[in-house]
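Enquirer: The structure that follows is given in the form of structure tokens.
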Amino acid sequence: MFGVIGSRILQAIPVLLVVGIIAFALFAYVGDPLASMLGQDYTEAQRAALIKQLGLDQPFFVQYGHFLWLALHGNFGNSYRLAQPVSSLIAERLPATLELAITASVLALVIGVPMGVYTGIHRNTPLSRLFMMLSLVGVSLPTFLLGILLILLFSVWLGWLPSFGRGPVVHLGGWWTTGFTSWTGLKSLILPSITLGLFQMTLIMRLVRAEMLEVLRTDYIKFARARGLTSRSIHFGHALKNTLVPVITIIGLQFGGIVGFSLVTETVFQWPGLGLLLVQSVAVADVPVMSAYLMLIALVFLLINLIVDLLYHAVDPRLRIGR
Amino acid sequence: MLARAWNSDIAYSFRTSPVALISAGIALILILAAVLAPLIAPHDPMDVASLSLMDSFKPPIFLPDADWSNPLGTDNQGRDVLSAIMYGMRISLLVGFLSVLLAIVVGIAFGLLAGYAGGVVDTLLMRIADVQLTFPSILTALLVDGVISAALPRTMREALQIYVIIFAIGIALWPNFARTVRGSTLVERNKDYVMAARVIGVPSWRIMLSHVLPNVIGPVMVIGTLGLGLAIIAEATLSFLGVGLPSTEPSLGTLIRFGNDFLFSGQWWVSVFPGITLILMVLAINLLGDWLRDALNPRLR
């Protein structure tokens with residue numbers, strides 16, 4: 001177990017270094033930080049002093065090392081657009097994105113898995129057909145359009161749910177903010193999390209269905225049936241358990257997808273998270289925010305991969321022996 | 001030649017599949033409407049002089065107070081929604097086709113190279129593709145777009161924006177093609193005809209391009225069709241986010257973004273009709289892609 005974690009972390013380091021180089025190259029060569037920091041009026045001496053102060057006269061790898069060192073301490077410089085430290089901007093927005101992404105994933109899982117099991121067991125019932133049709137729509141509908149249509153239906157026409165923002169938030173332990181504590185906060189979460197989770201839900205449903213169909217054909221299920229086990233025990237205790245490895249992989253990979261698509265959802269619903277920050281930063285070429293976001297996302301993806309690997313070991317006993 | 005094409009397996013499968021026929025019909029109508037827009041559109045949405053604020057926010061034909069001169073209503077400036085959609089589709093389709101073409105060219109080149117050369121080249125190229133595939137393509141496209149825009153001088157941004165978008169989406173999609181081409185190339189590489197070609201001294205690039213390539217192109221067509229749907233969605237999403245094409249030439253995504261502002265004041269048609277058009281277009285393309293995949297898969301025949 002610890003060997004797996006160790007080797008994974010060792011593998012992660014080069015990836016992070018490469019992403020770091022890209023992020024740093026962005027930082028250093030795209031746009032002109034001097035122009036934005038000096039403003040209109042400056043003397044050549046001021047310019048030279050700033051170059052020296054920022055270390056821009058150093059060789060590339062010295063600068064890169066410096067950048068990494070600062071990044072390790074959570075210092076990504078200041079946003080050109082907002083003139084605030086990027087790290088505090090990100091810390092401020094991270095809770096909103098994580099709450100949305102986790103709610104959407106849980107929603108996708110809690111609805112998608114039972115739907116997949118149902119359509120896998122009862123292949124040709126009308127309800128299964130309906131689920132399959134819905135999933136086709138879910139795959140073809142662009143995320144932002146789904147968000148707009150949901151807003152039109154539930155906010156504009158029915159007036160049931162709020163269409164933008166997080167509602168009131170409560171501060172927890174210094175920097176974490178949560179919208180879970182109030183009724184308005186929970187209501188604000190409904191439409192964005194459906195928008196974000198629907199694609200994942202259809203994906204999970206189709207995957208569980210396909211895996212269930214595959215597993216239900218195998219011999220050990222036939223034997224279990226012949227021994228007179230209940231359908232419930234066969235379907236959930238034996239069949240579903242064996243579909244979990246691919247499902248965990250996809251959910252892990254798709255959590256990355258959720259983080260990516262959250263930028264679309266956050267823009268539609270004006271959700272004050274990281275995605276909205278990135279979109280606003282890209283629109284005005286705010287390079288420090290872009291490079292910090294890139295590093296952060298790479299870190300998140302590596303963490304997810306690590307967790308997925310550990311879950312394999314928890315779910316599949318065959319992997320635990322002989323390693 | 002024509003008779004042979006008509007009687008081929010794939011043409012037969014096409015003629016007998018209702019889903020393929022209907023989606024091809026929808027796709028054809030949409031493409032024709034887009035290509036012929038300057039000739040058949042009822043109004044010219046780019047012609048600012050012809051717009052009149054008196055005509056603003058006319059509802060679509062099935063609501064009261066509408067008339068046939070604007071069957072799908074008008075927007076806040078009195079622009080005809082139907083004409084705007086037809087012109088918008090031109091841009092959406094153009095960007096979609098060109099970016100998929102770029103992804104195919106890059107993907108085929110790297111895929112062939114990785115599969116045929118093997119070794120370090122293979123490992124390096126495929127590792128890049130793997131890393132990129134874990135990122136959602138919309139994020140890649142957004143970052144590439146952001147970086148290039150930041151690197152370009154401010155005055156040139158607007159003029160070059162369409163190429164930047166095509167490049168960004170093409171780069172975001174190439175790994176799908178490269179992986180498929182590499183997989184098929186690995187199989188083809190060890191077949192006798194490649195050996196024979198090598199023995200008689202055909203240069204490697206020639207073997208790759210004129211011997212291996214024709215045999216691996218089938219799956220590329222399938223992924224290309226499905227990729228076209230993805231590319232159109234990606235362009236619409238970027239334009240919706242406001243980092244896509246300049247608003248002087250609105251694509252479907254830009255039209256939806258404009259219309260989004262009027263959702264709460266009751267003029268839903270300004271964004272919903274471009275949205276429906278986008279869904280129809282993507283759905284038709286995806287269904288065609290699914291059909292093509294089944295038709296080209298010999299195991300399913």
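Letters for chains follow the order of the structure tokens (A, B, ...), residue numbers begin at 1 for each chain, and ligand numbers begin at 1 in the order shown.
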Give me the residues near A:Leu196 as a short mmCIF file (atom, residue, chain, number, x, y, z; two decimals) with C-alpha atoms, in the first residue's frame, where near means some atom within 7 Å (using only C-alpha atoms) and where sequence neighbours in that chain fewer than 2 positions away do not count.
Expert:
```cif
data_model
loop_
_atom_site.label_atom_id
_atom_site.label_comp_id
_atom_site.auth_asym_id
_atom_site.auth_seq_id
_atom_site.Cartn_x
_atom_site.Cartn_y
_atom_site.Cartn_z
CA ALA A 104 -22.55 17.45 -8.85
CA PRO A 192 -25.78 24.49 -11.25
CA SER A 193 -25.15 21.02 -9.88
CA ILE A 194 -27.72 19.45 -12.21
CA LEU A 198 -25.99 15.57 -15.99
CA ILE A 258 -16.29 18.26 -13.79
CA PHE A 261 -16.73 22.04 -17.17
CA SER A 262 -17.37 23.91 -13.95
CA THR A 265 -21.45 26.19 -15.48
#
```
Enquirer: Return as a short mmCIF file (atom, residue, chain, number, x, y, z; two decimals) with N, CA and C atoms, in the first residue's frame the residues belonging to chain A that are within 7 Å of chain B, counting only C-alpha atoms.
Expert:
```
data_model
loop_
_atom_site.label_atom_id
_atom_site.label_comp_id
_atom_site.auth_asym_id
_atom_site.auth_seq_id
_atom_site.Cartn_x
_atom_site.Cartn_y
_atom_site.Cartn_z
N VAL A 30 4.82 35.54 -21.83
CA VAL A 30 3.61 36.02 -22.46
C VAL A 30 3.22 37.33 -21.83
N GLY A 31 2.96 38.31 -22.66
CA GLY A 31 2.65 39.63 -22.14
C GLY A 31 3.92 40.26 -21.59
N SER A 140 -25.75 14.90 -25.90
CA SER A 140 -25.70 15.82 -27.04
C SER A 140 -25.91 17.28 -26.64
N LEU A 141 -26.40 17.52 -25.43
CA LEU A 141 -26.71 18.89 -25.04
C LEU A 141 -25.47 19.59 -24.51
N PRO A 142 -25.05 20.70 -25.15
CA PRO A 142 -23.90 21.43 -24.61
C PRO A 142 -24.23 21.95 -23.21
N PHE A 144 -23.57 24.63 -21.47
CA PHE A 144 -24.07 25.98 -21.23
C PHE A 144 -25.53 26.13 -21.65
N LEU A 145 -25.90 25.37 -22.71
CA LEU A 145 -27.26 25.44 -23.19
C LEU A 145 -28.21 24.80 -22.20
N LEU A 152 -34.30 29.16 -17.76
CA LEU A 152 -35.54 29.63 -18.39
C LEU A 152 -36.74 28.93 -17.75
N VAL A 156 -37.17 31.60 -14.67
CA VAL A 156 -37.94 32.63 -15.32
C VAL A 156 -39.43 32.26 -15.37
N LEU A 253 -11.60 10.00 -13.42
CA LEU A 253 -11.21 10.81 -14.57
C LEU A 253 -12.23 11.92 -14.80
N GLY A 256 -12.13 15.27 -12.99
CA GLY A 256 -11.36 16.27 -13.72
C GLY A 256 -12.24 16.99 -14.72
N GLY A 257 -13.06 16.20 -15.45
CA GLY A 257 -13.99 16.79 -16.41
C GLY A 257 -14.93 17.77 -15.73
N GLY A 260 -13.21 20.90 -15.08
CA GLY A 260 -13.07 21.64 -16.32
C GLY A 260 -14.38 22.30 -16.73
N THR A 267 -19.92 30.21 -15.30
CA THR A 267 -20.21 31.42 -16.07
C THR A 267 -21.70 31.59 -16.28
N VAL A 282 -8.87 34.86 -18.65
CA VAL A 282 -8.49 34.59 -20.04
C VAL A 282 -8.96 35.74 -20.93
N ALA A 283 -10.15 36.25 -20.65
CA ALA A 283 -10.70 37.31 -21.51
C ALA A 283 -9.80 38.54 -21.54
N ALA A 285 -6.40 38.32 -20.66
CA ALA A 285 -5.01 37.86 -20.68
C ALA A 285 -4.29 38.11 -19.35
#
```
Enquirer: Please report, as a list of chain:residue names, each residue of stretch 164-260 of chain A to which DSSP assigns strand (DSSP E) when run on this structure's backbone.
Expert: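 Listing strand (DSSP E) positions across stretch 164-260 of chain A yields A:Val170, A:His171, A:Leu172, A:Trp176, A:Thr177, A:Thr178.
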Enquirer: Those residues with N, CA and C atoms, as an mmCIF file, in the first residue's frame please?
Expert:
```cif
data_model
loop_
_atom_site.group_PDB
_atom_site.id
_atom_site.type_symbol
_atom_site.label_atom_id
_atom_site.label_comp_id
_atom_site.auth_asym_id
_atom_site.auth_seq_id
_atom_site.Cartn_x
_atom_site.Cartn_y
_atom_site.Cartn_z
ATOM 1 N N VAL A 170 -21.504 31.165 4.747
ATOM 2 C CA VAL A 170 -21.044 31.253 6.132
ATOM 3 C C VAL A 170 -19.560 30.925 6.144
ATOM 4 N N HIS A 171 -18.772 31.671 6.911
ATOM 5 C CA HIS A 171 -17.342 31.390 6.996
ATOM 6 C C HIS A 171 -17.074 30.314 8.022
ATOM 7 N N LEU A 172 -16.267 29.337 7.622
ATOM 8 C CA LEU A 172 -15.918 28.247 8.522
ATOM 9 C C LEU A 172 -14.413 28.216 8.687
ATOM 10 N N TRP A 176 -12.593 28.892 4.719
ATOM 11 C CA TRP A 176 -13.583 28.128 3.968
ATOM 12 C C TRP A 176 -14.944 28.787 4.086
ATOM 13 N N THR A 177 -15.630 28.953 2.947
ATOM 14 C CA THR A 177 -16.992 29.461 3.005
ATOM 15 C C THR A 177 -17.934 28.379 2.518
ATOM 16 N N THR A 178 -19.115 28.302 3.104
ATOM 17 C CA THR A 178 -20.044 27.265 2.679
ATOM 18 C C THR A 178 -21.432 27.841 2.469
#
```
Enquirer: Mind giving me the straight-line distance from atom CA of A:Met201 to atom CA of A:Ile111 in Å, one decimal?
Expert: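 Atom CA of A:Ile111 lies at a distance of 6.9 Å from atom CA of A:Met201.
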Enquirer: Could you pull the residues within 10 Å of A:Ile102, counting only C-alpha atoms, minus those fewer than 4 positions along the same chain, as a PyMOL selection string?
Expert: chain A and resi 97-98+106-108+193+197+255+258-259
Enquirer: Counting only C-alpha atoms, what is within 10 Å of stretch 213-222 of chain A, bar same-chain residues fewer than 3 positions away, as an MDAnalysis selection string?
Expert: chainID A and resid 116:117 119:123 207:210 225:229 234:235 238:243
Enquirer: Can you pull out the residues contacting stretch 60-67 of chain A? Cut-off 12 Å, using only C-alpha atoms, and skip same-chain residues under 5 positions away; I want them as a PyMOL selection string.
Expert: chain A and resi 17-29+51-55+72-77+288+291-292+295
Enquirer: How would the residues just chosen look if you wrote them out with N, CA and C atoms as a compact mmCIF listing (two decimals), in the first residue's frame?
Expert:
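The resulting part-v4.txt:
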```
# COMPACT_ATOMS: atom_id res chain seq x y z
N LEU A 17 6.74 19.10 -12.58
CA LEU A 17 7.83 19.97 -13.02
C LEU A 17 7.58 20.47 -14.44
N VAL A 18 7.10 19.56 -15.33
CA VAL A 18 6.84 19.97 -16.71
C VAL A 18 5.73 21.00 -16.77
N VAL A 19 4.62 20.71 -16.04
CA VAL A 19 3.53 21.69 -16.01
C VAL A 19 4.05 23.00 -15.44
N GLY A 20 4.94 22.90 -14.44
CA GLY A 20 5.53 24.10 -13.86
C GLY A 20 6.30 24.91 -14.89
N ILE A 21 7.07 24.20 -15.76
CA ILE A 21 7.83 24.91 -16.80
C ILE A 21 6.87 25.65 -17.73
N ILE A 22 5.78 24.95 -18.13
CA ILE A 22 4.81 25.61 -19.02
C ILE A 22 4.22 26.83 -18.32
N ALA A 23 3.82 26.62 -17.06
CA ALA A 23 3.21 27.74 -16.32
C ALA A 23 4.19 28.89 -16.18
N PHE A 24 5.46 28.54 -15.92
CA PHE A 24 6.47 29.59 -15.75
C PHE A 24 6.74 30.31 -17.06
N ALA A 25 6.83 29.52 -18.17
CA ALA A 25 7.09 30.13 -19.46
C ALA A 25 5.98 31.12 -19.82
N LEU A 26 4.74 30.72 -19.49
CA LEU A 26 3.61 31.62 -19.68
C LEU A 26 3.85 32.92 -18.93
N PHE A 27 4.19 32.72 -17.65
CA PHE A 27 4.36 33.81 -16.73
C PHE A 27 5.44 34.76 -17.22
N ALA A 28 6.55 34.15 -17.71
CA ALA A 28 7.72 34.95 -18.01
C ALA A 28 7.69 35.58 -19.40
N TYR A 29 7.09 34.86 -20.37
CA TYR A 29 7.26 35.33 -21.75
C TYR A 29 6.00 35.85 -22.41
N ILE A 51 13.87 45.22 -13.10
CA ILE A 51 14.38 43.99 -13.70
C ILE A 51 15.24 43.25 -12.69
N LYS A 52 16.10 44.01 -12.00
CA LYS A 52 16.98 43.39 -11.01
C LYS A 52 16.17 42.84 -9.84
N GLN A 53 15.18 43.63 -9.41
CA GLN A 53 14.38 43.24 -8.26
C GLN A 53 13.56 41.97 -8.57
N LEU A 54 13.02 41.88 -9.78
CA LEU A 54 12.23 40.71 -10.17
C LEU A 54 13.11 39.54 -10.58
N GLY A 55 14.42 39.80 -10.72
CA GLY A 55 15.34 38.72 -11.09
C GLY A 55 15.25 38.35 -12.55
N LEU A 72 5.81 26.98 -4.30
CA LEU A 72 5.72 26.06 -3.17
C LEU A 72 5.21 26.77 -1.93
N HIS A 73 5.52 28.05 -1.83
CA HIS A 73 5.05 28.82 -0.68
C HIS A 73 3.71 29.50 -0.97
N GLY A 74 3.11 29.08 -2.07
CA GLY A 74 1.78 29.62 -2.38
C GLY A 74 1.81 31.02 -2.94
N ASN A 75 2.97 31.45 -3.46
CA ASN A 75 3.05 32.80 -3.99
C ASN A 75 3.11 32.76 -5.52
N PHE A 76 2.06 33.18 -6.16
CA PHE A 76 2.01 33.17 -7.64
C PHE A 76 2.01 34.58 -8.20
N GLY A 77 2.38 35.56 -7.40
CA GLY A 77 2.39 36.92 -7.89
C GLY A 77 1.01 37.56 -7.78
N PRO A 288 -0.76 35.70 -14.65
CA PRO A 288 -0.47 35.04 -13.37
C PRO A 288 -1.61 34.12 -12.91
N SER A 291 -1.51 30.90 -15.04
CA SER A 291 -0.46 29.92 -14.75
C SER A 291 -0.68 29.27 -13.39
N ALA A 292 -1.22 30.02 -12.41
CA ALA A 292 -1.50 29.41 -11.12
C ALA A 292 -2.61 28.36 -11.26
N MET A 295 -1.21 25.12 -12.67
CA MET A 295 -0.50 24.33 -11.65
C MET A 295 -1.50 23.64 -10.73
```
Enquirer: Write out as a PyMOL selection string each polymer residue whose atoms come within 7 Å of A:Met205, counting only C-alpha atoms; drop sequence neighbours fewer than 5 positions from it.
Expert: chain A and resi 112-113+115-116
Enquirer: Between atom CA of B:Asn176 and atom CA of B:Thr225, what is the spacing in Å?
Expert: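 Rounded to one decimal, the two atoms are 12.1 Å apart.
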Enquirer: Using Å and a single decimal, report how far atom CA of B:Gln132 sits from atom CA of A:Pro246.
Expert: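 Separation of atom CA of A:Pro246 and atom CA of B:Gln132: 20.5 Å.
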Enquirer: As a VMD selection string, please: every residue in stretch 85-265 of chain A that a backbone DSSP assignment puts in helix (DSSP H, G or I).
Expert: chain A and resid 86 to 121 126 to 140 143 to 157 183 to 216 219 to 226 231 to 242 244 to 265
